[in-house]
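Peer 1: One structure is given below, represented as structure tokens, and several questions about it will come after.
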Amino acid sequence: MTSSATLATAILLLPAGAAALVGLLGPRLLRGRSHWVVILAVGAALALSWRLFEQVRAVPAEARAEEYARTHTVYSWFRADVGERGHWFDIDFRIDPLTCVMLLTVLSVSLLVVIYSVGYLRDHHGRREHGYERFFAFLALFVFSMCTLVLAGNFILLYVGWELVGLCSYLLIGFYYPRPSAAAAAQKAFLVNRVGDLGFGLGILVIYLSCGDLRYEAVFSEAGLARLDGRETLVSLLLLCGAVGKSAQLPLHVWLPDAMEGPTPVSALIHAATMVTAGVYMVARCGAIFAESATAMAVVATIGAATALFAATIALAQTDLKRVLAYSTISQLGYMFLGLGAMASDSAIFHLFTHAFFKALLFLGAGSVMHALHGEIDLRRFGGLGRSMPVTAATFWIGGLALAGFPLLSGFWSKDEIIHAALMRSPWLGVTAQVTAFLTAFYTFRMIFLAFHGPRRLPEGVEHAHESGRWMIVPLLLLSLGAVGAGAAGVIPGDLNLHEQLRTVLVAMNHAPRDELLESFPLMALSGGLAVLGIGGAWFVYRRRPILAMAAAVLWPRAARVLRGKYFIDEFYDALIVRPLRRLGRVCYGTDRFGIDTVLWLITAVPRSLGFMLKESLQQGALQGYAMGMVVGLLVIVVAVLAGG
Amino acid sequence: MTYAPQLMVLGAVLFALGVVGFLTRRNLIVMFLCTEIMFQGILLNLIAMGLQRGNVSGQALGLFVLVVAAVEAGLGLAIVVLLYRRRGTLDAESWMTLRG
């Protein structure tokens, strides 16, 4: 085992060990100390992944292509004489800059979210919530699963990680399981993902049938791609199904807004910063296959652009703070898909990286508000919190500016690259992306102005909102540093530049040359201008002339209703799929209960009545009777043996 | 020359006496004694077979059976005592309601 493979194994085992430890000992022994185990494990894993990144960077330039494509096998799981290789499933790692970027993103956001959760899962008197240890065990399990997903060096391990993060998502959305809405949301997330994962599984199957191998190294090689001949589009679209489900793109986006039923740190970590970006990561990783098919790339770009615009329009009319952020996440994921489809997967990964910081920041800020208001999150019921929660408001502003693409903040750089790539690909995609950028700035600041500015309003039963404690403030401050500075990773010259690092790995994507991007100042100015315009528009409509917002709803009642109803897609699915299936289920239940069970009862009636008769006649309760039975039995055996012998 | 066949016959007789006693008496203590007699019959047989074979494994097994029998006797008598306290009689018939 090479030293980098050892490091990768350690990165995986640390959170896994923490999950097992807290899961087994938490409720009895660790209790209020459970978080320390997880914080230490994730922190150590973060340090190790930085070490891993240094090792990856240390590879000399000319050896990179070969070294990065290598499969690190750490354990042979099972062997079977199927296919061309004798054994065809191992625990393989792929260790390259893409893996490292994902690991660093996931682990750093996870660490901050875990720290934040320590404060979030206590009430104002410092009492722990019910299920405190369970929460931290699941978080550690999630970190382990996500690391498995990004470290995987073959498709089966990728699938294992993929399903594990789905499981963690289910468990954490349903964390407040006694609440029916949380249980329903968890189920919905799991089932909608299943639809996508069916396609994903089939895609992997087609790859295996074509290539006879599931290691990235073999599939993405020229020989592997040649064997896929004629099936690239099929495979790409099937894999895309999985990505669309996991990353909540149209038409499988319905689960993500409901997933906000989970605790807010979970929304920040899993449903904004990390797990939902797994689809983007997977498409970028399989770029070699996608690039072979122009159709698939066009589909990816179209889905991305459509989702970005669609979700941004819904976010305009939502009144639930966390739901606005959820639709904003869907919209930003749409940007990433647009980037992937526009042959700029390095920009998509860059946006994934910056988005993780500012969106986690925004969610944690929303959680801070929710904590202060005892769970109230409806923008119609509160407002003007800026004075009472200065730190939350300030960090929320920073996150909002980064999300809106305000010049020089992190979101600006990454979003601009994607818009540029989209424009080069097709004017329609570019225009959609620009319009979405304007809408993004508008809805973000609508939310901020409603929540933190204007006259102070508090929901009933809350005397005064006060700033959250240190456990929650520190992660907010650190994340706002990330939201401001993460853009530097894609802009600074030199070896640490993200694009420079990813160039070797994502070579199949023939992305736009770096210099050309930097020279597109007019476009940058346009994006920046649109962001400022959106912020200004929100200020004008929601602060200066609040009557305008109401006037819009009155003037276009139908549009307002459609947006507020999220285009009625949930209702549509409910009528078309959920209800017919439920009816079918009821029919099946009825058949089983009354049809099949009756037949079974009739058939078993004969032995049952025989048994009853035997019991009535032989089982009299007299000790001598039983002894007689034994003696007779013994005699029969003895006679049989003697006669037989 | 050994007494093995005679010993075996003696064992068989003891066992048969035990069985007959167990089947015909209704006093719990007598029934219990009868099971002990069956035990001794089997024990005698074990030793006789060891003798016939010319090794000590029969006797060794016999020692183990003795230990187990002693434990069982303690347990069984304790049960009988408890049963007597419950019903005030040693008649096995009084427990017929235990049938399932």
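Naming works like this for the structure tokens: A, B, ... for the chains as they're shown, residue 1 at the start of each chain, ligands 1 onward in shown order.
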Would you mind listing, for every residue of chain B within 6 Å of chain A, the two atoms forming the shortest contact and the distance between them in Å to one decimal, using only C-alpha atoms, sorted by chain and ascending residue number, as a Markdown table?
Peer 2:
| residue | atom | partner | partner_atom | distance |
| --- | --- | --- | --- | --- |
| B:Leu23 | CA | A:Gln624 | CA | 5.3 |
| B:Met96 | CA | A:Gly621 | CA | 4.4 |
| B:Arg99 | CA | A:Gly621 | CA | 4.4 |
Peer 1: Those same residues, written as a CSV table (one decimal), in the first residue's frame with N, CA and C atoms?
Peer 2:
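Output saved as again-v1.csv:
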chain,number,residue,atom,x,y,z
B,23,LEU,N,-44.7,-46.1,37.1
B,23,LEU,CA,-46.0,-46.2,36.4
B,23,LEU,C,-47.1,-46.5,37.4
B,96,MET,N,-53.0,-32.4,37.8
B,96,MET,CA,-53.4,-32.7,36.5
B,96,MET,C,-53.9,-31.5,35.7
B,99,ARG,N,-52.1,-29.5,32.5
B,99,ARG,CA,-52.1,-29.9,31.1
B,99,ARG,C,-52.3,-28.7,30.2
Peer 1: Among segment 338-561 of chain A, which ones does DSSP place in alpha helix (DSSP H), written as a ChimeraX atom specification?
Peer 2: /A:338-341,345-372,390-404,410-425,427-452,470-485,488-491,498-505,514-518,521-539,547-555,557-561
Peer 1: Would you mind reading off the distance between atom CA of Gly245 of chain A and atom CA of Val283 of chain A, one decimal, in Å?
Peer 2: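 Interatomic distance, atom CA of Gly245 of chain A to atom CA of Val283 of chain A: 12.5 Å.
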Peer 1: Can you pull out the residues contacting segment 49-52 of chain B? Cut-off 12 Å, using only C-alpha atoms, and skip same-chain residues under 6 positions away; I want them as a VMD selection string.
Peer 2: chain B and resid 1 to 9 11 42 to 43 58 to 62
Peer 1: Write the residues of the preceding selection, restricted to C-alpha atoms, as a JSON list (two decimals), in the first residue's frame.
Peer 2:
[["chain", "number", "residue", "atom", "x", "y", "z"],
["B", 1, "MET", "CA", -13.46, -63.97, 34.11],
["B", 2, "THR", "CA", -15.75, -61.13, 35.03],
["B", 3, "TYR", "CA", -19.18, -60.68, 36.41],
["B", 4, "ALA", "CA", -20.16, -58.43, 33.58],
["B", 5, "PRO", "CA", -23.22, -60.35, 32.25],
["B", 6, "GLN", "CA", -24.62, -60.80, 35.74],
["B", 7, "LEU", "CA", -24.12, -57.16, 36.53],
["B", 8, "MET", "CA", -25.93, -56.22, 33.34],
["B", 9, "VAL", "CA", -28.88, -58.38, 34.22],
["B", 11, "GLY", "CA", -28.95, -53.37, 36.11],
["B", 42, "ILE", "CA", -28.18, -47.55, 34.16],
["B", 43, "LEU", "CA", -25.12, -46.77, 36.22],
["B", 58, "GLY", "CA", -17.30, -46.88, 31.78],
["B", 59, "GLN", "CA", -16.37, -46.15, 35.37],
["B", 60, "ALA", "CA", -15.32, -42.62, 34.54],
["B", 61, "LEU", "CA", -18.64, -41.93, 32.86],
["B", 62, "GLY", "CA", -20.34, -43.55, 35.83]]
Peer 1: Residues at most 6 Å from segment 463-470 of chain A, counting only C-alpha atoms, excluding those fewer than 3 positions away in the same chain, as a VMD selection string?
Peer 2: chain A and resid 372 388 to 389 473 to 474
Peer 1: Would you please work out which residue, of A:Pro390, A:Gly399, A:Pro180, A:Gly242, is nearest to Leu198 of chain A when using only C-alpha atoms?
Peer 2: A:Gly242
Peer 1: Can you work out the spacing between atom CA of Leu103 of chain A and atom CA of Phe175 of chain A in Å, to one decimal?
Peer 2: 25.3 Å
Peer 1: Find the distance between atom CA of Ile207 of chain A and atom CA of Ala291 of chain A and write it in Å to one decimal.
Peer 2: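 These two atoms are separated by 15.4 Å.
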Peer 1: Which residues, written as JSON, numbers by chain, have at least one atom at most 8 Å from Lys246 of chain A, with only C-alpha atoms counted and residues fewer than 3 positions away on the same chain left out?
Peer 2: {"A": [193, 196, 242, 243, 275, 276, 277, 278, 279]}
Peer 1: Quick one: everything within 6 Å of segment 26-32 of chain B, counting only C-alpha atoms, minus sequence neighbours fewer than 5 positions away in the same chain. Send it as a short mmCIF file (atom, residue, chain, number, x, y, z; two decimals) with C-alpha atoms, in the first residue's frame.
Peer 2:
data_model
loop_
_atom_site.label_atom_id
_atom_site.label_comp_id
_atom_site.auth_asym_id
_atom_site.auth_seq_id
_atom_site.Cartn_x
_atom_site.Cartn_y
_atom_site.Cartn_z
CA LEU B 90 -48.14 -35.62 47.51
CA ASP B 91 -50.65 -37.02 45.05
CA ALA B 92 -49.51 -36.55 41.43
#
Peer 1: Neighbouring residues of Gly41 of chain B were defined as those with any atom within 8 Å, considering only C-alpha atoms; residues of the same chain fewer than 3 positions away were excluded. Please report them as number ranges by chain.
Peer 2: B: 10-15, 37-38, 44-45
Peer 1: Closest to Ile47 of chain B among B:Thr89, B:Cys34, B:Leu66, B:Thr97, using only C-alpha atoms?
Peer 2: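 The shortest atom-to-atom distance to Ile47 of chain B comes from B:Leu66.
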